[in-house]
Amino acid sequence: MSEGDSARDQLLSVDFEIFGHVQGVCFRMYTEKEGLRLGLVGWVRNTYSGTVEGQVQGPAHQVTDMKVWLSKVGSPTCRIIKSTFTNERVIDKLELSGFKTRF
């Protein structure tokens, strides 16, 4: 296994916040579905300031795919202005289970 393969297989955790027209457009539901489709665990919720925030965990490659989806795709009628990703770190094992919407 090459170094690139081992980095790709590392488990990552990252927090996200998405800005724009992302509430009232099923963004959380689509985020949950995309996370599950990619085999990730995590959570997502609306904030009082009108953004959507959450956390995803899983293999590095899938986390990267999710970051692209959160930044550029989202739900069909959303308008993403900005996305921030913070607290990205390597983890030894998944700290969450499933992918859930929090309230």
# chains A, B, ... in the order shown; residues from 1 in each chain; ligands from 1
$ select_by_dssp --residues "chain A" --states "helix (DSSP H, G or I)" --output "number ranges by chain"
A: 3-9, 27-37, 60-72
$ write_last_selection --atoms "N, CA, C and O atoms" --output "compact mmCIF listing (two decimals), in the first residue's frame"
# COMPACT_ATOMS: atom_id res chain seq x y z
N GLU A 3 1.80 5.43 0.26
CA GLU A 3 1.43 6.48 1.23
C GLU A 3 0.12 7.13 0.84
O GLU A 3 -0.70 7.46 1.67
N GLY A 4 -0.08 7.35 -0.46
CA GLY A 4 -1.32 7.96 -0.93
C GLY A 4 -2.54 7.13 -0.57
O GLY A 4 -3.57 7.65 -0.20
N ASP A 5 -2.40 5.79 -0.69
CA ASP A 5 -3.51 4.91 -0.33
C ASP A 5 -3.82 4.98 1.15
O ASP A 5 -4.97 5.00 1.55
N SER A 6 -2.79 5.02 2.00
CA SER A 6 -3.04 5.05 3.44
C SER A 6 -3.66 6.38 3.85
O SER A 6 -4.53 6.42 4.71
N ALA A 7 -3.25 7.49 3.23
CA ALA A 7 -3.86 8.79 3.54
C ALA A 7 -5.32 8.79 3.11
O ALA A 7 -6.18 9.34 3.78
N ARG A 8 -5.59 8.14 1.98
CA ARG A 8 -6.95 8.08 1.45
C ARG A 8 -7.86 7.27 2.37
O ARG A 8 -9.03 7.53 2.47
N ASP A 9 -7.28 6.27 3.05
CA ASP A 9 -8.06 5.40 3.91
C ASP A 9 -8.17 5.91 5.35
O ASP A 9 -8.87 5.32 6.16
N PHE A 27 -32.35 21.28 2.62
CA PHE A 27 -30.89 21.10 2.62
C PHE A 27 -30.47 20.02 3.62
O PHE A 27 -29.62 19.18 3.30
N ARG A 28 -31.08 20.03 4.80
CA ARG A 28 -30.70 19.03 5.81
C ARG A 28 -31.03 17.62 5.33
O ARG A 28 -30.23 16.70 5.48
N MET A 29 -32.22 17.44 4.75
CA MET A 29 -32.63 16.12 4.28
C MET A 29 -31.68 15.61 3.19
O MET A 29 -31.23 14.46 3.23
N TYR A 30 -31.35 16.47 2.25
CA TYR A 30 -30.44 16.07 1.18
C TYR A 30 -29.03 15.81 1.70
O TYR A 30 -28.33 14.92 1.22
N THR A 31 -28.61 16.58 2.70
CA THR A 31 -27.29 16.37 3.31
C THR A 31 -27.24 15.00 3.98
O THR A 31 -26.27 14.25 3.83
N GLU A 32 -28.28 14.69 4.71
CA GLU A 32 -28.36 13.38 5.37
C GLU A 32 -28.31 12.25 4.33
O GLU A 32 -27.54 11.29 4.47
N LYS A 33 -29.08 12.37 3.25
CA LYS A 33 -29.10 11.34 2.21
C LYS A 33 -27.75 11.19 1.53
O LYS A 33 -27.29 10.09 1.27
N GLU A 34 -27.10 12.32 1.24
CA GLU A 34 -25.79 12.27 0.58
C GLU A 34 -24.74 11.67 1.50
O GLU A 34 -23.91 10.87 1.07
N GLY A 35 -24.78 12.04 2.77
CA GLY A 35 -23.85 11.46 3.73
C GLY A 35 -24.00 9.95 3.81
O GLY A 35 -23.01 9.21 3.80
N LEU A 36 -25.22 9.48 3.88
CA LEU A 36 -25.47 8.04 3.94
C LEU A 36 -25.05 7.36 2.64
O LEU A 36 -24.46 6.28 2.66
N ARG A 37 -25.33 8.00 1.50
CA ARG A 37 -24.94 7.43 0.21
C ARG A 37 -23.42 7.24 0.13
O ARG A 37 -22.93 6.25 -0.43
N ALA A 60 -11.25 9.42 4.31
CA ALA A 60 -10.84 10.73 3.78
C ALA A 60 -11.43 11.01 2.40
O ALA A 60 -11.90 12.13 2.15
N HIS A 61 -11.40 10.05 1.50
CA HIS A 61 -11.90 10.29 0.14
C HIS A 61 -13.39 10.64 0.15
O HIS A 61 -13.82 11.56 -0.55
N GLN A 62 -14.17 9.92 0.95
CA GLN A 62 -15.61 10.21 1.01
C GLN A 62 -15.88 11.55 1.69
O GLN A 62 -16.79 12.27 1.32
N VAL A 63 -15.08 11.89 2.71
CA VAL A 63 -15.24 13.19 3.37
C VAL A 63 -14.95 14.30 2.36
O VAL A 63 -15.67 15.30 2.29
N THR A 64 -13.92 14.12 1.54
CA THR A 64 -13.61 15.10 0.50
C THR A 64 -14.77 15.24 -0.48
O THR A 64 -15.15 16.35 -0.86
N ASP A 65 -15.34 14.12 -0.90
CA ASP A 65 -16.50 14.15 -1.80
C ASP A 65 -17.66 14.90 -1.17
O ASP A 65 -18.36 15.68 -1.83
N MET A 66 -17.88 14.70 0.13
CA MET A 66 -18.97 15.37 0.83
C MET A 66 -18.71 16.87 0.92
O MET A 66 -19.63 17.67 0.77
N LYS A 67 -17.47 17.26 1.13
CA LYS A 67 -17.13 18.68 1.19
C LYS A 67 -17.42 19.36 -0.14
O LYS A 67 -17.96 20.47 -0.18
N VAL A 68 -17.12 18.69 -1.24
CA VAL A 68 -17.43 19.23 -2.56
C VAL A 68 -18.94 19.35 -2.72
O VAL A 68 -19.45 20.38 -3.18
N TRP A 69 -19.68 18.31 -2.33
CA TRP A 69 -21.14 18.33 -2.45
C TRP A 69 -21.72 19.49 -1.62
O TRP A 69 -22.59 20.22 -2.09
N LEU A 70 -21.24 19.65 -0.38
CA LEU A 70 -21.73 20.72 0.49
C LEU A 70 -21.39 22.10 -0.07
O LEU A 70 -22.14 23.06 0.13
N SER A 71 -20.29 22.23 -0.77
CA SER A 71 -19.83 23.51 -1.29
C SER A 71 -20.49 23.89 -2.61
O SER A 71 -20.71 25.07 -2.89
N LYS A 72 -20.80 22.88 -3.44
CA LYS A 72 -21.19 23.17 -4.82
C LYS A 72 -22.55 22.63 -5.25
O LYS A 72 -23.10 23.10 -6.25
$ residues_around --residues "A:Val14" --least-positions-apart "3" --cutoff "10 Å" --atoms "only C-alpha atoms" --output "CSV table (one decimal) with N, CA, C and O atoms, in the first residue's frame"
chain,number,residue,atom,x,y,z
A,42,GLY,N,-22.6,11.3,10.7
A,42,GLY,CA,-22.5,12.7,11.1
A,42,GLY,C,-23.9,13.2,11.5
A,42,GLY,O,-24.8,12.5,11.8
A,54,GLY,N,-22.9,21.3,10.7
A,54,GLY,CA,-22.9,19.9,11.0
A,54,GLY,C,-21.5,19.4,11.1
A,54,GLY,O,-20.5,20.1,11.1
A,55,GLN,N,-21.4,18.0,11.1
A,55,GLN,CA,-20.2,17.3,11.2
A,55,GLN,C,-20.3,16.1,10.4
A,55,GLN,O,-21.3,15.4,10.4
A,56,VAL,N,-19.2,15.7,9.7
A,56,VAL,CA,-19.1,14.5,9.0
A,56,VAL,C,-17.9,13.7,9.4
A,56,VAL,O,-16.8,14.4,9.7
A,57,GLN,N,-18.0,12.4,9.4
A,57,GLN,CA,-16.8,11.5,9.7
A,57,GLN,C,-16.8,10.4,8.8
A,57,GLN,O,-17.9,9.8,8.4
A,58,GLY,N,-15.6,9.9,8.4
A,58,GLY,CA,-15.5,8.7,7.6
A,58,GLY,C,-14.2,8.7,6.8
A,58,GLY,O,-13.3,9.5,7.1
A,63,VAL,N,-15.1,11.9,2.7
A,63,VAL,CA,-15.2,13.2,3.4
A,63,VAL,C,-15.0,14.3,2.4
A,63,VAL,O,-15.7,15.3,2.3
A,64,THR,N,-13.9,14.1,1.5
A,64,THR,CA,-13.6,15.1,0.5
A,64,THR,C,-14.8,15.2,-0.5
A,64,THR,O,-15.1,16.4,-0.9
A,67,LYS,N,-17.5,17.3,1.1
A,67,LYS,CA,-17.1,18.7,1.2
A,67,LYS,C,-17.4,19.4,-0.1
A,67,LYS,O,-18.0,20.5,-0.2
A,85,PHE,N,-15.2,24.9,6.5
A,85,PHE,CA,-14.8,23.6,7.0
A,85,PHE,C,-13.8,23.8,8.1
A,85,PHE,O,-12.7,24.4,7.8
A,86,THR,N,-14.1,23.4,9.3
A,86,THR,CA,-13.2,23.7,10.4
A,86,THR,C,-12.9,22.4,11.2
A,86,THR,O,-13.7,21.4,11.1
A,87,ASN,N,-12.0,22.4,12.1
A,87,ASN,CA,-11.7,21.3,13.0
A,87,ASN,C,-11.5,20.0,12.3
A,87,ASN,O,-11.8,18.9,12.8
A,88,GLU,N,-10.9,20.0,11.1
A,88,GLU,CA,-10.6,18.8,10.4
A,88,GLU,C,-9.5,18.1,11.1
A,88,GLU,O,-8.4,18.6,11.4
A,89,ARG,N,-9.7,16.8,11.4
A,89,ARG,CA,-8.7,16.0,12.1
A,89,ARG,C,-8.8,14.5,11.8
A,89,ARG,O,-9.9,14.1,11.4
A,90,VAL,N,-7.7,13.9,11.9
A,90,VAL,CA,-7.7,12.4,11.8
A,90,VAL,C,-8.2,11.8,13.0
A,90,VAL,O,-7.8,12.2,14.1
$ closest_residue --among "A:Ile80, A:Glu17, A:Phe103, A:Pro59" --to "A:Val41" --atoms "only C-alpha atoms"
A:Pro59
$ atom_distance --atom1 "atom CA of A:Leu12" --atom2 "atom CA of A:Gly24"
29.1 Å
$ select_by_dssp --residues "chain A" --states "strand (DSSP E)" --output "PyMOL selection string"
chain A and resi 11-21+41-46+52-59+79-91+99-101
$ residues_around --residues "A:Val52" --least-positions-apart "6" --cutoff "9 Å" --atoms "only C-alpha atoms" --output "number ranges by chain"
A: 16-19, 22-23, 27-28, 44-46
$ write_last_selection --atoms "N, CA, C and O atoms" --output "PDB file, in the first residue's frame"
ATOM      1  N   PHE A  16     -18.691  21.622   9.503  1.00  0.00           N
ATOM      2  CA  PHE A  16     -19.000  22.485   8.369  1.00  0.00           C
ATOM      3  C   PHE A  16     -20.096  23.486   8.725  1.00  0.00           C
ATOM      4  O   PHE A  16     -20.888  23.260   9.630  1.00  0.00           O
ATOM      5  N   GLU A  17     -20.098  24.597   7.994  1.00  0.00           N
ATOM      6  CA  GLU A  17     -21.189  25.562   8.057  1.00  0.00           C
ATOM      7  C   GLU A  17     -21.407  26.073   6.645  1.00  0.00           C
ATOM      8  O   GLU A  17     -20.461  26.451   5.958  1.00  0.00           O
ATOM      9  N   ILE A  18     -22.672  26.063   6.220  1.00  0.00           N
ATOM     10  CA  ILE A  18     -23.029  26.446   4.864  1.00  0.00           C
ATOM     11  C   ILE A  18     -23.879  27.710   4.919  1.00  0.00           C
ATOM     12  O   ILE A  18     -24.866  27.770   5.654  1.00  0.00           O
ATOM     13  N   PHE A  19     -23.506  28.700   4.115  1.00  0.00           N
ATOM     14  CA  PHE A  19     -24.168  30.002   4.084  1.00  0.00           C
ATOM     15  C   PHE A  19     -24.898  30.176   2.755  1.00  0.00           C
ATOM     16  O   PHE A  19     -24.459  29.663   1.734  1.00  0.00           O
ATOM     17  N   VAL A  22     -30.179  28.308   2.370  1.00  0.00           N
ATOM     18  CA  VAL A  22     -30.015  26.881   2.674  1.00  0.00           C
ATOM     19  C   VAL A  22     -31.028  26.366   3.698  1.00  0.00           C
ATOM     20  O   VAL A  22     -30.998  25.191   4.040  1.00  0.00           O
ATOM     21  N   GLN A  23     -31.916  27.237   4.166  1.00  0.00           N
ATOM     22  CA  GLN A  23     -32.990  26.789   5.055  1.00  0.00           C
ATOM     23  C   GLN A  23     -34.312  26.887   4.304  1.00  0.00           C
ATOM     24  O   GLN A  23     -34.506  27.771   3.481  1.00  0.00           O
ATOM     25  N   PHE A  27     -32.347  21.284   2.618  1.00  0.00           N
ATOM     26  CA  PHE A  27     -30.893  21.097   2.617  1.00  0.00           C
ATOM     27  C   PHE A  27     -30.472  20.019   3.616  1.00  0.00           C
ATOM     28  O   PHE A  27     -29.621  19.183   3.305  1.00  0.00           O
ATOM     29  N   ARG A  28     -31.075  20.029   4.801  1.00  0.00           N
ATOM     30  CA  ARG A  28     -30.698  19.026   5.811  1.00  0.00           C
ATOM     31  C   ARG A  28     -31.027  17.620   5.333  1.00  0.00           C
ATOM     32  O   ARG A  28     -30.225  16.700   5.478  1.00  0.00           O
ATOM     33  N   VAL A  44     -26.479  17.109  11.037  1.00  0.00           N
ATOM     34  CA  VAL A  44     -26.720  18.384  10.373  1.00  0.00           C
ATOM     35  C   VAL A  44     -27.869  19.085  11.090  1.00  0.00           C
ATOM     36  O   VAL A  44     -28.770  18.428  11.603  1.00  0.00           O
ATOM     37  N   ARG A  45     -27.823  20.425  11.159  1.00  0.00           N
ATOM     38  CA  ARG A  45     -28.919  21.180  11.771  1.00  0.00           C
ATOM     39  C   ARG A  45     -28.928  22.609  11.242  1.00  0.00           C
ATOM     40  O   ARG A  45     -27.914  23.130  10.772  1.00  0.00           O
ATOM     41  N   ASN A  46     -30.097  23.240  11.332  1.00  0.00           N
ATOM     42  CA  ASN A  46     -30.233  24.662  11.035  1.00  0.00           C
ATOM     43  C   ASN A  46     -29.695  25.457  12.215  1.00  0.00           C
ATOM     44  O   ASN A  46     -29.778  25.016  13.362  1.00  0.00           O
TER      45      ASN A  46
END
$ atom_distance --atom1 "atom CA of A:Ser97" --atom2 "atom CA of A:Asp15"
15.5 Å
$ closest_residue --among "A:Leu96, A:Val25, A:Gly39, A:Ile91" --to "A:Arg79" --atoms "only C-alpha atoms"
A:Val25
$ decode --residues "stretch 21-61 of chain A" --atoms "C-alpha atoms" --output "compact mmCIF listing (two decimals), in the first residue's frame"
# COMPACT_ATOMS: atom_id res chain seq x y z
CA HIS A 21 -30.34 30.23 0.90
CA VAL A 22 -30.01 26.88 2.67
CA GLN A 23 -32.99 26.79 5.05
CA GLY A 24 -36.48 25.91 3.92
CA VAL A 25 -35.10 24.10 0.85
CA CYS A 26 -34.66 20.57 2.29
CA PHE A 27 -30.89 21.10 2.62
CA ARG A 28 -30.70 19.03 5.81
CA MET A 29 -32.63 16.12 4.28
CA TYR A 30 -30.44 16.07 1.18
CA THR A 31 -27.29 16.37 3.31
CA GLU A 32 -28.36 13.38 5.37
CA LYS A 33 -29.10 11.34 2.21
CA GLU A 34 -25.79 12.27 0.58
CA GLY A 35 -23.85 11.46 3.73
CA LEU A 36 -25.47 8.04 3.94
CA ARG A 37 -24.94 7.43 0.21
CA LEU A 38 -21.23 8.12 0.69
CA GLY A 39 -21.05 5.82 3.75
CA LEU A 40 -20.37 8.66 6.19
CA VAL A 41 -21.64 9.30 9.68
CA GLY A 42 -22.54 12.70 11.06
CA TRP A 43 -25.21 15.22 11.83
CA VAL A 44 -26.72 18.38 10.37
CA ARG A 45 -28.92 21.18 11.77
CA ASN A 46 -30.23 24.66 11.04
CA THR A 47 -28.78 27.55 13.00
CA TYR A 48 -30.59 30.61 14.33
CA SER A 49 -28.47 32.77 12.02
CA GLY A 50 -29.88 31.11 8.87
CA THR A 51 -27.00 28.78 8.07
CA VAL A 52 -26.76 25.00 8.17
CA GLU A 53 -24.02 23.39 10.26
CA GLY A 54 -22.91 19.89 11.04
CA GLN A 55 -20.16 17.35 11.21
CA VAL A 56 -19.13 14.46 8.97
CA GLN A 57 -16.82 11.54 9.70
CA GLY A 58 -15.52 8.73 7.55
CA PRO A 59 -12.81 7.73 5.09
CA ALA A 60 -10.84 10.73 3.78
CA HIS A 61 -11.90 10.29 0.14
